[in-house]
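**Q** Just protein.cif, nothing more (mmCIF, C-alpha atoms):
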data_model
loop_
_atom_site.label_atom_id
_atom_site.label_comp_id
_atom_site.auth_asym_id
_atom_site.auth_seq_id
_atom_site.Cartn_x
_atom_site.Cartn_y
_atom_site.Cartn_z
CA MET A 1 76.63 102.64 -152.72
CA LEU A 2 80.09 104.07 -152.22
CA ASP A 3 78.66 107.57 -152.56
CA VAL A 4 76.12 106.85 -149.81
CA ALA A 5 78.86 105.50 -147.56
CA ARG A 6 81.00 108.54 -148.29
CA ARG A 7 78.18 110.93 -147.36
CA ALA A 8 77.54 108.96 -144.16
CA PHE A 9 81.22 109.14 -143.21
CA LEU A 10 81.39 112.87 -143.89
CA GLY A 11 78.28 113.36 -141.78
CA PHE A 12 79.94 111.46 -138.92
CA VAL A 13 83.07 113.62 -139.23
CA ALA A 14 80.92 116.77 -139.12
CA VAL A 15 79.26 115.61 -135.89
CA VAL A 16 82.65 114.86 -134.34
CA VAL A 17 83.99 118.28 -135.37
CA ILE A 18 80.96 120.04 -133.88
CA PHE A 19 81.39 118.03 -130.65
CA LEU A 20 85.06 118.97 -130.43
CA ILE A 21 84.29 122.63 -131.06
CA LEU A 22 81.69 122.64 -128.33
CA ASN A 23 83.92 120.85 -125.84
CA THR A 24 87.41 122.03 -126.66
CA GLY A 25 86.78 125.23 -128.59
CA ALA A 26 87.87 128.75 -127.99
CA ASN A 27 85.98 128.97 -124.69
CA ALA A 28 87.69 125.96 -123.08
CA ILE A 29 89.33 126.81 -119.77
CA THR A 30 93.11 127.32 -119.82
CA ILE A 31 95.84 127.69 -117.18
CA SER A 32 98.84 130.01 -117.41
CA ASN A 33 101.60 131.64 -115.35
CA VAL A 34 102.03 128.85 -112.79
CA THR A 35 104.58 129.84 -110.16
CA ASN A 36 105.52 129.35 -106.52
CA ASN A 37 106.46 132.10 -104.08
CA THR A 38 109.72 131.31 -102.26
CA PRO A 39 109.12 127.98 -100.49
CA MET A 40 109.53 128.02 -96.71
CA ALA A 41 110.62 124.91 -94.80
CA THR A 42 107.13 123.41 -94.42
CA THR A 43 104.88 125.54 -96.66
CA VAL A 44 104.69 127.14 -100.09
CA TRP A 45 102.23 129.32 -102.00
CA ILE A 46 101.27 128.20 -105.52
CA LEU A 47 99.79 130.87 -107.82
CA TRP A 48 98.43 130.74 -111.36
CA ASN A 49 95.96 132.34 -113.76
CA VAL A 50 92.83 130.79 -115.28
CA SER A 51 91.04 131.99 -118.39
CA SER A 52 87.63 131.99 -116.69
CA GLU A 53 86.28 131.77 -113.16
CA ALA A 54 87.17 128.38 -111.71
CA ASN A 55 87.46 126.15 -108.65
CA ASN A 56 91.14 125.32 -108.18
CA THR A 57 93.41 122.90 -106.37
CA VAL A 58 97.03 121.68 -106.43
CA GLU A 59 98.17 118.07 -106.75
CA TYR A 60 101.63 117.41 -105.30
CA SER A 61 103.99 114.56 -104.49
CA VAL A 62 107.64 113.77 -103.80
CA ASN A 63 107.56 111.50 -106.88
CA PRO A 64 108.20 112.92 -110.38
CA ASP A 65 105.20 111.08 -111.85
CA LEU A 66 102.95 112.38 -109.04
CA SER A 67 102.28 108.88 -107.76
CA ASN A 68 101.06 108.79 -104.14
CA SER A 69 100.04 112.42 -104.55
CA PHE A 70 98.13 114.70 -102.21
CA PHE A 71 95.66 117.46 -103.05
CA SER A 72 95.58 120.87 -101.44
CA SER A 73 92.61 122.79 -100.14
CA TRP A 74 90.57 124.65 -102.77
CA SER A 75 90.65 128.21 -104.02
CA ASN A 76 87.19 128.71 -105.47
CA ASN A 77 85.39 131.14 -107.76
CA THR A 78 88.47 132.97 -108.97
CA THR A 79 90.63 133.47 -112.05
CA THR A 80 93.76 134.12 -109.94
CA PRO A 81 93.99 131.21 -107.49
CA MET A 82 96.43 131.27 -104.58
CA VAL A 83 96.81 127.95 -102.77
CA LYS A 84 99.06 127.27 -99.80
CA LEU A 85 100.56 123.82 -99.23
CA TRP A 86 101.13 122.97 -95.56
CA SER A 87 103.03 120.36 -93.54
CA LEU A 88 105.67 119.79 -96.20
CA GLN A 89 108.91 118.04 -95.36
CA PRO A 90 111.86 120.43 -95.06
CA ALA A 91 114.73 120.27 -97.56
CA THR A 92 112.66 118.16 -99.94
CA THR A 93 111.90 118.41 -103.65
CA TYR A 94 108.21 118.32 -104.54
CA TYR A 95 106.50 117.91 -107.89
CA TYR A 96 103.17 119.62 -108.47
CA ARG A 97 100.55 120.57 -111.02
CA THR A 98 97.51 122.77 -110.82
CA TRP A 99 93.90 121.86 -111.64
CA SER A 100 91.10 124.30 -112.52
CA PHE A 101 87.42 123.45 -113.03
CA ASN A 102 85.02 125.85 -114.71
CA THR A 103 82.49 126.94 -112.09
CA SER A 104 79.62 126.79 -114.59
CA ASN A 105 80.62 123.49 -116.20
CA GLU A 106 82.89 121.13 -114.28
CA SER A 107 83.38 118.93 -117.34
CA ASP A 108 85.38 121.87 -118.66
CA TYR A 109 88.66 121.68 -116.76
CA ALA A 110 92.39 121.98 -117.28
CA ASN A 111 95.57 120.86 -115.59
CA SER A 112 99.02 122.34 -115.90
CA SER A 113 102.35 120.76 -116.67
CA ILE A 114 104.28 119.28 -113.75
CA TYR A 115 106.57 121.74 -111.94
CA THR A 116 109.11 121.35 -109.15
CA LEU A 117 110.03 123.20 -105.97
CA THR A 118 112.39 122.51 -103.08
CA THR A 119 111.62 123.46 -99.48
CA GLN A 120 114.23 125.05 -97.22
CA GLU A 121 116.03 123.56 -94.24
CA CYS A 122 114.01 124.02 -91.05
CA VAL A 123 115.00 125.65 -87.75
CA SER A 124 113.94 125.15 -84.15
CA TYR A 125 113.98 128.85 -83.17
CA ARG A 126 113.18 132.08 -84.98
CA LEU A 127 113.21 135.68 -83.68
CA VAL A 128 110.93 138.15 -85.48
CA ASN A 129 111.51 141.91 -85.41
CA VAL A 130 109.04 144.65 -86.34
CA THR A 131 111.42 145.76 -89.11
CA ASP A 132 111.53 142.33 -90.81
CA SER A 133 110.21 142.16 -94.39
CA SER A 134 108.05 139.50 -95.99
CA VAL A 135 109.92 136.95 -98.10
CA THR A 136 106.87 135.55 -99.89
CA ARG A 137 105.26 138.99 -100.35
CA ILE A 138 102.04 137.30 -99.20
CA ASP A 139 102.47 136.24 -95.57
CA HIS A 140 103.52 138.34 -92.61
CA PRO A 141 107.08 137.69 -91.30
CA MET A 142 105.53 136.15 -88.16
CA GLN A 143 103.78 133.55 -90.32
CA GLU A 144 106.90 132.95 -92.35
CA ALA A 145 108.82 132.35 -89.12
CA LEU A 146 106.27 129.71 -88.08
CA ASP A 147 106.55 128.15 -91.53
CA MET A 148 110.32 127.75 -91.06
CA ILE A 149 109.99 125.75 -87.83
CA CYS A 150 110.66 122.01 -88.05
CA LEU A 151 107.62 119.73 -88.05
CA ASP A 152 108.59 118.31 -84.66
CA GLY A 153 108.26 121.77 -83.12
CA GLY A 154 110.12 124.84 -81.97
CA ILE A 155 109.86 128.46 -80.82
CA VAL A 156 108.91 131.67 -82.60
CA GLU A 157 109.71 134.73 -80.49
CA LEU A 158 108.47 138.25 -81.20
CA ASN A 159 110.67 141.15 -80.21
CA ASN A 160 109.40 144.40 -78.68
CA GLY A 161 107.15 146.62 -80.76
CA THR A 162 103.87 146.67 -82.70
CA PHE A 163 103.25 144.05 -85.40
CA ASN A 164 100.40 145.02 -87.76
CA ILE A 165 98.56 142.16 -89.48
CA SER A 166 95.65 141.98 -91.91
CA SER A 167 95.29 138.18 -91.98
CA PRO A 168 95.37 135.61 -89.15
CA ILE A 169 98.52 134.03 -87.79
CA ARG A 170 98.10 130.28 -88.32
CA ILE A 171 99.57 127.76 -85.88
CA ARG A 172 98.94 124.34 -87.45
CA GLU A 173 101.82 122.10 -86.43
CA ASN A 174 102.46 120.38 -83.10
CA ASN A 175 104.79 121.52 -80.31
CA ILE A 176 104.89 125.21 -81.20
CA THR A 177 105.70 127.97 -78.70
CA PHE A 178 104.67 131.45 -79.89
CA ARG A 179 105.74 134.17 -77.49
CA GLY A 180 106.48 137.85 -77.08
CA GLN A 181 108.32 140.01 -74.56
CA GLY A 182 105.36 140.67 -72.29
CA ILE A 183 101.95 142.34 -72.11
CA GLY A 184 102.28 145.83 -73.55
CA ALA A 185 105.84 145.23 -74.75
CA THR A 186 104.83 143.16 -77.80
CA LEU A 187 101.59 144.14 -79.55
CA ILE A 188 99.86 142.27 -82.37
CA HIS A 189 97.48 144.79 -83.94
CA VAL A 190 94.81 143.52 -86.33
CA THR A 191 94.17 146.17 -88.96
CA ALA A 192 91.36 144.49 -90.95
CA GLU A 193 87.80 144.24 -89.66
CA ASP A 194 86.43 140.79 -88.84
CA THR A 195 89.88 139.25 -88.92
CA ASP A 196 91.10 136.83 -86.27
CA ALA A 197 94.50 137.44 -84.74
CA ILE A 198 95.68 133.86 -84.07
CA VAL A 199 94.09 130.63 -85.30
CA ILE A 200 95.31 127.30 -83.90
CA GLY A 201 94.57 124.01 -85.62
CA ARG A 202 94.58 122.16 -88.94
CA TRP A 203 91.25 123.50 -90.16
CA ASP A 204 91.21 126.35 -92.68
CA ASP A 205 87.58 127.08 -91.79
CA TRP A 206 87.79 126.45 -88.06
CA ARG A 207 84.37 128.00 -87.37
CA LYS A 208 82.69 125.50 -89.70
CA ARG A 209 84.60 122.67 -88.01
CA CYS A 210 83.25 123.80 -84.65
CA GLN A 211 79.73 123.86 -86.13
CA ASP A 212 80.17 120.40 -87.64
CA ILE A 213 81.20 119.00 -84.28
CA ASP A 214 78.26 120.72 -82.58
CA ASN A 215 75.75 119.53 -85.20
CA ASN A 216 76.75 115.86 -85.38
CA PRO A 217 75.05 114.22 -82.40
CA TYR A 218 75.83 110.67 -83.44
CA PHE A 219 79.60 110.89 -83.67
CA TRP A 220 80.50 113.57 -81.14
CA LYS A 221 77.73 113.98 -78.62
CA PRO A 222 77.82 110.71 -76.74
CA TYR A 223 80.35 112.61 -74.67
CA GLY A 224 83.30 111.15 -72.89
CA VAL A 225 85.76 108.96 -74.75
CA LYS A 226 84.95 110.21 -78.26
CA TYR A 227 87.53 112.98 -78.28
CA PRO A 228 90.47 111.01 -76.84
CA GLN A 229 89.62 108.21 -79.30
CA ASP A 230 89.55 110.61 -82.24
CA HIS A 231 92.84 112.17 -81.17
CA GLU A 232 94.42 108.72 -81.15
CA ASN A 233 92.82 107.50 -84.38
CA HIS A 234 93.07 110.72 -86.41
CA PRO A 235 96.05 112.74 -85.14
CA GLU A 236 96.17 114.51 -88.51
CA ASN A 237 93.04 116.45 -87.43
CA TRP A 238 94.53 117.75 -84.18
CA THR A 239 97.17 120.27 -83.14
CA ASP A 240 99.06 119.29 -79.99
CA ASN A 241 101.09 121.09 -77.33
CA THR A 242 100.71 124.75 -78.27
CA ILE A 243 102.05 127.50 -75.99
CA ILE A 244 101.02 131.12 -76.57
CA GLU A 245 102.37 133.71 -74.14
CA ASN A 246 103.61 137.18 -73.29
CA PHE A 247 102.03 139.75 -75.61
CA THR A 248 98.99 141.94 -76.29
CA ILE A 249 96.45 141.45 -79.10
CA ASP A 250 93.96 144.04 -80.24
CA GLY A 251 91.74 144.24 -83.28
CA LEU A 252 88.56 145.40 -84.94
CA SER A 253 85.13 143.81 -85.27
CA THR A 254 81.74 144.49 -86.81
CA SER A 255 78.26 143.22 -86.05
CA THR A 256 78.95 139.84 -87.67
CA ALA A 257 78.49 137.03 -85.15
CA PHE A 258 81.93 136.13 -83.80
CA GLY A 259 83.40 138.56 -86.31
CA TYR A 260 86.66 138.98 -84.44
CA VAL A 261 88.44 136.41 -82.32
CA GLY A 262 91.71 137.13 -80.58
CA ILE A 263 92.66 133.44 -80.38
CA GLY A 264 90.48 130.77 -81.96
CA GLY A 265 90.73 127.18 -83.09
CA ALA A 266 89.28 123.68 -83.26
CA GLN A 267 90.48 120.22 -82.23
CA LEU A 268 93.32 121.27 -79.96
CA TRP A 269 95.18 119.05 -77.53
CA ASN A 270 97.05 120.52 -74.57
CA THR A 271 96.96 124.22 -75.39
CA CYS A 272 98.35 126.76 -72.91
CA ILE A 273 97.60 130.49 -73.21
CA SER A 274 99.29 132.58 -70.53
CA SER A 275 100.17 136.21 -69.84
CA VAL A 276 98.27 137.39 -72.92
CA GLU A 277 96.16 140.56 -73.04
CA ILE A 278 93.38 140.57 -75.64
CA ILE A 279 91.48 143.80 -76.27
CA GLY A 280 88.28 144.06 -78.27
CA ASP A 281 86.61 147.25 -79.46
CA GLY A 282 83.46 146.83 -77.38
CA GLU A 283 81.53 145.34 -80.31
CA ASP A 284 78.78 143.02 -79.10
CA HIS A 285 79.76 140.03 -81.22
CA SER A 286 83.51 139.92 -80.70
CA CYS A 287 84.78 136.91 -78.76
CA LEU A 288 88.29 137.26 -77.41
CA ILE A 289 88.98 133.51 -77.08
CA TYR A 290 86.90 130.82 -78.79
CA LEU A 291 88.14 127.21 -78.66
CA GLY A 292 86.15 124.23 -79.93
CA ALA A 293 86.98 120.62 -79.03
CA ALA A 294 89.92 121.83 -76.96
CA VAL A 295 91.09 119.04 -74.65
CA TYR A 296 93.44 119.95 -71.78
CA PRO A 297 93.42 123.71 -72.45
CA THR A 298 94.84 126.11 -69.86
CA VAL A 299 94.21 129.86 -69.81
CA LYS A 300 96.02 131.63 -66.98
CA ASP A 301 97.28 135.07 -65.96
CA CYS A 302 95.58 136.72 -68.95
CA GLU A 303 93.56 139.92 -69.37
CA PHE A 304 90.43 140.04 -71.56
CA LYS A 305 89.00 143.49 -72.14
CA ASN A 306 86.12 145.08 -74.05
CA GLY A 307 84.79 142.02 -75.81
CA GLY A 308 81.27 140.81 -76.39
CA ARG A 309 82.51 137.60 -74.76
CA GLY A 310 85.73 137.06 -72.88
CA ALA A 311 86.46 133.36 -73.38
CA MET A 312 84.30 130.54 -74.70
CA PHE A 313 84.98 126.81 -74.73
CA ALA A 314 82.66 125.15 -77.25
CA VAL A 315 81.36 121.60 -77.57
CA GLY A 316 83.93 118.87 -77.11
CA SER A 317 86.29 120.76 -74.84
CA GLY A 318 87.31 119.33 -71.50
CA THR A 319 89.77 119.26 -68.59
CA ILE A 320 89.71 123.04 -68.86
CA LYS A 321 91.78 125.22 -66.49
CA VAL A 322 90.90 128.93 -66.28
CA ILE A 323 93.08 130.42 -63.55
CA ASN A 324 93.93 133.95 -62.33
CA ASN A 325 92.58 135.90 -65.29
CA LEU A 326 90.98 139.35 -65.53
CA PHE A 327 87.73 139.66 -67.51
CA TYR A 328 86.96 143.36 -67.84
CA HIS A 329 83.99 145.01 -69.52
CA CYS A 330 82.86 141.98 -71.53
CA THR A 331 79.35 143.27 -71.65
CA PHE A 332 77.15 141.68 -74.30
CA TYR A 333 77.26 138.01 -73.30
CA ASP A 334 79.42 136.78 -70.44
CA GLY A 335 83.00 136.86 -69.31
CA LEU A 336 83.51 133.09 -69.40
CA GLU A 337 81.32 130.44 -71.00
CA PHE A 338 81.48 126.65 -71.08
CA ASN A 339 79.23 125.96 -74.06
CA GLY A 340 78.12 122.47 -73.01
CA GLY A 341 79.14 119.01 -74.05
CA LEU A 342 82.37 118.75 -72.09
CA CYS A 343 84.27 115.67 -73.16
CA CYS A 344 86.28 115.22 -69.97
CA GLY A 345 86.21 116.00 -66.26
CA ASP A 346 88.58 117.76 -63.86
CA ASN A 347 87.63 121.28 -64.98
CA LEU A 348 88.66 124.25 -62.84
CA VAL A 349 87.70 127.95 -62.76
CA LYS A 350 89.75 129.57 -60.02
CA GLY A 351 91.02 132.95 -58.91
CA ASN A 352 89.55 134.99 -61.77
CA GLN A 353 88.16 138.55 -61.64
CA PHE A 354 85.03 139.56 -63.59
CA ILE A 355 84.77 143.36 -63.51
CA ASN A 356 82.12 145.65 -65.07
CA GLY A 357 80.67 142.97 -67.33
CA GLY A 358 79.30 139.46 -67.65
CA GLY A 359 80.20 136.72 -65.21
CA ILE A 360 80.36 132.93 -65.61
CA GLU A 361 77.98 130.78 -67.63
CA ILE A 362 78.45 127.01 -67.44
CA TYR A 363 75.81 124.64 -68.76
CA SER A 364 75.41 121.03 -69.90
CA SER A 365 78.73 120.34 -68.22
CA HIS A 366 80.06 118.06 -65.51
CA ASP A 367 82.88 117.89 -62.98
CA VAL A 368 83.54 121.64 -62.88
CA VAL A 369 84.99 123.32 -59.79
CA VAL A 370 84.37 127.09 -59.55
CA THR A 371 86.18 128.66 -56.61
CA GLU A 372 87.81 131.87 -55.34
CA ASN A 373 86.57 134.08 -58.18
CA VAL A 374 85.51 137.75 -57.84
CA LEU A 375 82.47 139.20 -59.65
CA GLU A 376 82.15 142.98 -59.38
CA ASN A 377 79.69 145.38 -61.03
CA GLY A 378 78.31 142.70 -63.32
#
What would you get if you wrote out this structure as structure tokens?
**A**
Amino acid sequence: MLDVARRAFLGFVAVVVIFLILNTGANAITISNVTNNTPMATTVWILWNVSSEANNTVEYSVNPDLSNSFFSSWSNNTTTPMVKLWSLQPATTYYYRTWSFNTSNESDYANSSIYTLTTQECVSYRLVNVTDSSVTRIDHPMQEALDMICLDGGIVELNNGTFNISSPIRIRENNITFRGQGIGATLIHVTAEDTDAIVIGRWDDWRKRCQDIDNNPYFWKPYGVKYPQDHENHPENWTDNTIIENFTIDGLSTSTAFGYVGIGGAQLWNTCISSVEIIGDGEDHSCLIYLGAAVYPTVKDCEFKNGGRGAMFAVGSGTIKVINNLFYHCTFYDGLEFNGGLCCGDNLVKGNQFINGGGIEIYSSHDVVVTENVLENG
């Protein structure tokens, strides 16, 4: 009897061992080389290595035990994840750990030990020169300057010269002024194809956010009060009081739809773009400005040249002011488009010139005044 029991026990142990080998054996996912790249005042990059392709995120908190923690956005399908944490409090110690989930088997996952980092003191003003070097070795000095501005806002000023970028400049926080020395004096040159120059807003994939708003007729499309209500109820989804002024942007595009955008973004409140020149490469699908759910936007005294579209305000935008701009040789679609579904009235298109290209297309909109514009050789 004891021999039977012994054999049964050994059989059970064998099953357990086989289970453990299958689930925690040599092929189990592992994490190594966790590090952070020079924290800024409100952001930091977290980098690590994974033993096999994984979907990855960062858990972080101001508490050592990671209570009341937040999770970052995801870095997917990679063995070398790079995740950026945003909207951190300046001069604050954070605790974090990384998580990686095997892309072919999410029950196979790993998490790192808990690490610490401390953000820098913030500033309200930063001047960026062409000769400045990257501190993080990832972001451009213009982005690092924005990431040093206090969360209640401030100014980043670009000096004279040409700033080459291969990834978008992100303006996420409220009350940011981003300015140069004037059209032609300060140039932001996009060196990578299908790369936006400036993206405003909280959304990493701002194009998808615009699509989600456009495709959800039940929440967004009973137009009118929905957007002001959402801004009040969910301010974490909006970027308020952005000023962009006094420089030139140019960049490359390909045939991808909306492959290149000079300035783009979603869920913006009170955005002013003035004295900015944006130059496309004549590609049909480039769109020099594309703003979705932009409430109280103003575009004035700007020049839009050689784009498939000049400026487009997508679903959910409203109280739009487009004043004294030049739209030149925007030939594939139109110079200016209101893409329907305006949330709010008191919209004005005044004193603009549309030369050698498309004119004005406004549809499914209300309370729009179009006056004193010039259309020539359309």
**Q** Could you check the closest approach to Cys287 in chain A for each of A:Asn55, A:Thr79, A:Thr331, A:Ser107 and tell me which residue wins, using only C-alpha atoms?
**A** A:Thr331
**Q** Quick one: of A:Asp240, A:Asp132, A:Asp194, A:Asp250, who's nearest to Gly265 in chain A, counting all atoms listed in the file?
**A**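 Counting all atoms listed in the file, the residue closest to Gly265 in chain A is A:Asp240.
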**Q** Can you spell out as a list in words the set of residues that the PyMOL selection byres ((chain A and resi 169-172) around 7) selects in the structure I just provided?
**A** Gln143, Ser167, Pro168, Glu173, Asn174, Ala197, Ile198, Val199, Ile200, Gly201, Arg202 and Thr239 of chain A
**Q** Restricting the calculation to all atoms listed in the file, which member of A:Asn233, A:Thr119, A:Ser274, A:Thr103 is positioned closest to Trp45 in chain A?
**A**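 Under the stated criterion, the closest residue is A:Thr119.
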**Q** Go through A:His366, A:Lys208, A:Arg137, A:Lys321 and flag the residue nearest Tyr296 in chain A, using only C-alpha atoms for the distances.
**A** A:Lys321
**Q** Can you tell me which residues surround Val128 in chain A at a distance of at most 8 Å, considering only C-alpha atoms, apart from same-chain residues fewer than 5 positions away, and format the answer as a list of chain:residue names?
**A**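 My list of contacting residues is A:Pro141, A:Met142, A:Ala145, A:Val156, A:Glu157, A:Leu158, A:Asn159.
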**Q** Please expand the PyMOL selection byres ((chain A and resi 92) around 6) into the concrete residues it hits in this file, giving the result as number ranges by chain.
**A** A: 89-91, 93, 118-119
**Q** How many Å separate CA of Ile323 in chain A from CA of Thr298 in chain A?
**A**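 Interatomic distance here is 7.8 Å.
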**Q** Can you pull out the residues contacting range 60-68 of chain A? Cut-off 12 Å, using all atoms listed in the file, and skip same-chain residues under 2 positions away; I want them as number ranges by chain.
**A** A: 44, 46, 57-58, 70-73, 83-86, 88-99, 112-119
**Q** Carefully work through the PyMOL selection byres ((chain A and resi 177-189) around 6) for this structure and note down the residues it includes, as number ranges by chain.
**A** A: 155-158, 160-164, 176, 190, 242-251
**Q** Just to confirm, what's the straight-line distance from CA of Thr38 in chain A to CA of Cys150 in chain A in Å (one decimal)?
**A**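 Calculated distance between CA of Thr38 in chain A and CA of Cys150 in chain A is 17.0 Å.
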**Q** Just the number, please: distance in Å from CA of Leu268 in chain A to CA of Pro297 in chain A, one decimal.
**A**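 Between CA of Leu268 in chain A and CA of Pro297 in chain A the gap is 7.9 Å.
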**Q** Quick one: everything within 9 Å of Val299 in chain A, counting only C-alpha atoms, minus sequence neighbours fewer than 6 positions away in the same chain. Send it as a JSON list (two decimals) with C-alpha atoms, keeping the file's coordinate frame.
**A**
[["chain", "number", "residue", "atom", "x", "y", "z"],
["A", 271, "THR", "CA", 96.96, 124.22, -75.39],
["A", 272, "CYS", "CA", 98.35, 126.76, -72.91],
["A", 273, "ILE", "CA", 97.60, 130.49, -73.21],
["A", 274, "SER", "CA", 99.29, 132.58, -70.53],
["A", 275, "SER", "CA", 100.17, 136.21, -69.84],
["A", 320, "ILE", "CA", 89.71, 123.04, -68.86],
["A", 321, "LYS", "CA", 91.78, 125.22, -66.49],
["A", 322, "VAL", "CA", 90.90, 128.93, -66.28],
["A", 323, "ILE", "CA", 93.08, 130.42, -63.55],
["A", 324, "ASN", "CA", 93.93, 133.95, -62.33],
["A", 325, "ASN", "CA", 92.58, 135.90, -65.29]]
**Q** Of the candidates A:Glu361, A:Asp205, A:Glu283, A:Glu106, which shows the shortest atom-to-atom distance to Gly307 in chain A, using only C-alpha atoms?
**A** A:Glu283
**Q** Here's a test: counting only C-alpha atoms, identify every protein, DNA and RNA residue with an atom at most 8 Å from (99.3, 129.2, -110.7) in the file's coordinate frame, and state them as a compact mmCIF listing (two decimals) with C-alpha atoms, in the frame of the given file.
**A**
# COMPACT_ATOMS: atom_id res chain seq x y z
CA ILE A 31 95.84 127.69 -117.18
CA SER A 32 98.84 130.01 -117.41
CA ASN A 33 101.60 131.64 -115.35
CA VAL A 34 102.03 128.85 -112.79
CA THR A 35 104.58 129.84 -110.16
CA ASN A 36 105.52 129.35 -106.52
CA ILE A 46 101.27 128.20 -105.52
CA LEU A 47 99.79 130.87 -107.82
CA TRP A 48 98.43 130.74 -111.36
CA ASN A 49 95.96 132.34 -113.76
CA THR A 80 93.76 134.12 -109.94
CA PRO A 81 93.99 131.21 -107.49
CA MET A 82 96.43 131.27 -104.58
CA THR A 98 97.51 122.77 -110.82
**Q** Would you mind listing what lies within 10 Å of Phe332 in chain A as a VMD selection string, with all atoms listed in the file counted and same-chain residues fewer than 2 positions away left out?
**A** chain A and resid 282 to 286 306 to 310 329 to 330 334 to 335 357 to 358
**Q** Name all residues at most 10 Å from Gln211 in chain A (count all atoms listed in the file; drop same-chain ones fewer than 2 positions away) and give them as number ranges by chain.
**A** A: 206-209, 213-216, 266, 292, 314-315
**Q** Go through A:Thr254, A:Ser51, A:Asn237, A:Asn270 one by one, measure the shortest atom-to-atom distance of each to Gly318 in chain A using all atoms listed in the file, and give the residue with the smallest value.
**A** A:Asn270
**Q** Since the input is missing atoms for range 134-149 of chain A, could you rebuild it with N, CA and C atoms and give the result as an mmCIF file, keeping the file's coordinate frame?
**A**
data_model
loop_
_atom_site.group_PDB
_atom_site.id
_atom_site.type_symbol
_atom_site.label_atom_id
_atom_site.label_comp_id
_atom_site.auth_asym_id
_atom_site.auth_seq_id
_atom_site.Cartn_x
_atom_site.Cartn_y
_atom_site.Cartn_z
ATOM 1 N N SER A 134 108.617 140.751 -95.504
ATOM 2 C CA SER A 134 108.050 139.500 -95.990
ATOM 3 C C SER A 134 108.910 138.929 -97.112
ATOM 4 N N VAL A 135 109.169 137.640 -97.047
ATOM 5 C CA VAL A 135 109.920 136.950 -98.100
ATOM 6 C C VAL A 135 108.990 136.536 -99.229
ATOM 7 N N THR A 136 107.816 136.034 -98.877
ATOM 8 C CA THR A 136 106.870 135.550 -99.890
ATOM 9 C C THR A 136 106.080 136.679 -100.542
ATOM 10 N N ARG A 137 106.078 137.838 -99.909
ATOM 11 C CA ARG A 137 105.260 138.990 -100.350
ATOM 12 C C ARG A 137 103.757 138.686 -100.212
ATOM 13 N N ILE A 138 103.445 137.647 -99.477
ATOM 14 C CA ILE A 138 102.040 137.300 -99.200
ATOM 15 C C ILE A 138 101.829 137.237 -97.691
ATOM 16 N N ASP A 139 102.620 136.425 -97.015
ATOM 17 C CA ASP A 139 102.470 136.240 -95.570
ATOM 18 C C ASP A 139 103.242 137.297 -94.794
ATOM 19 N N HIS A 140 102.802 137.483 -93.543
ATOM 20 C CA HIS A 140 103.520 138.340 -92.610
ATOM 21 C C HIS A 140 104.798 137.624 -92.148
ATOM 22 N N PRO A 141 105.861 138.349 -91.794
ATOM 23 C CA PRO A 141 107.080 137.690 -91.300
ATOM 24 C C PRO A 141 106.843 136.773 -90.097
ATOM 25 N N MET A 142 105.830 137.062 -89.260
ATOM 26 C CA MET A 142 105.530 136.150 -88.160
ATOM 27 C C MET A 142 105.085 134.792 -88.684
ATOM 28 N N GLN A 143 104.231 134.806 -89.727
ATOM 29 C CA GLN A 143 103.780 133.550 -90.320
ATOM 30 C C GLN A 143 104.928 132.824 -90.999
ATOM 31 N N GLU A 144 105.764 133.569 -91.682
ATOM 32 C CA GLU A 144 106.900 132.950 -92.350
ATOM 33 C C GLU A 144 107.855 132.325 -91.338
ATOM 34 N N ALA A 145 107.997 132.943 -90.171
ATOM 35 C CA ALA A 145 108.820 132.350 -89.120
ATOM 36 C C ALA A 145 108.238 131.011 -88.667
ATOM 37 N N LEU A 146 106.923 130.969 -88.456
ATOM 38 C CA LEU A 146 106.270 129.710 -88.080
ATOM 39 C C LEU A 146 106.462 128.660 -89.165
ATOM 40 N N ASP A 147 106.427 129.086 -90.416
ATOM 41 C CA ASP A 147 106.550 128.150 -91.530
ATOM 42 C C ASP A 147 107.975 127.660 -91.737
ATOM 43 N N MET A 148 108.928 128.224 -91.010
ATOM 44 C CA MET A 148 110.320 127.750 -91.060
ATOM 45 C C MET A 148 110.637 126.778 -89.927
ATOM 46 N N ILE A 149 109.738 126.627 -88.963
ATOM 47 C CA ILE A 149 109.990 125.750 -87.830
ATOM 48 C C ILE A 149 109.834 124.293 -88.241
#
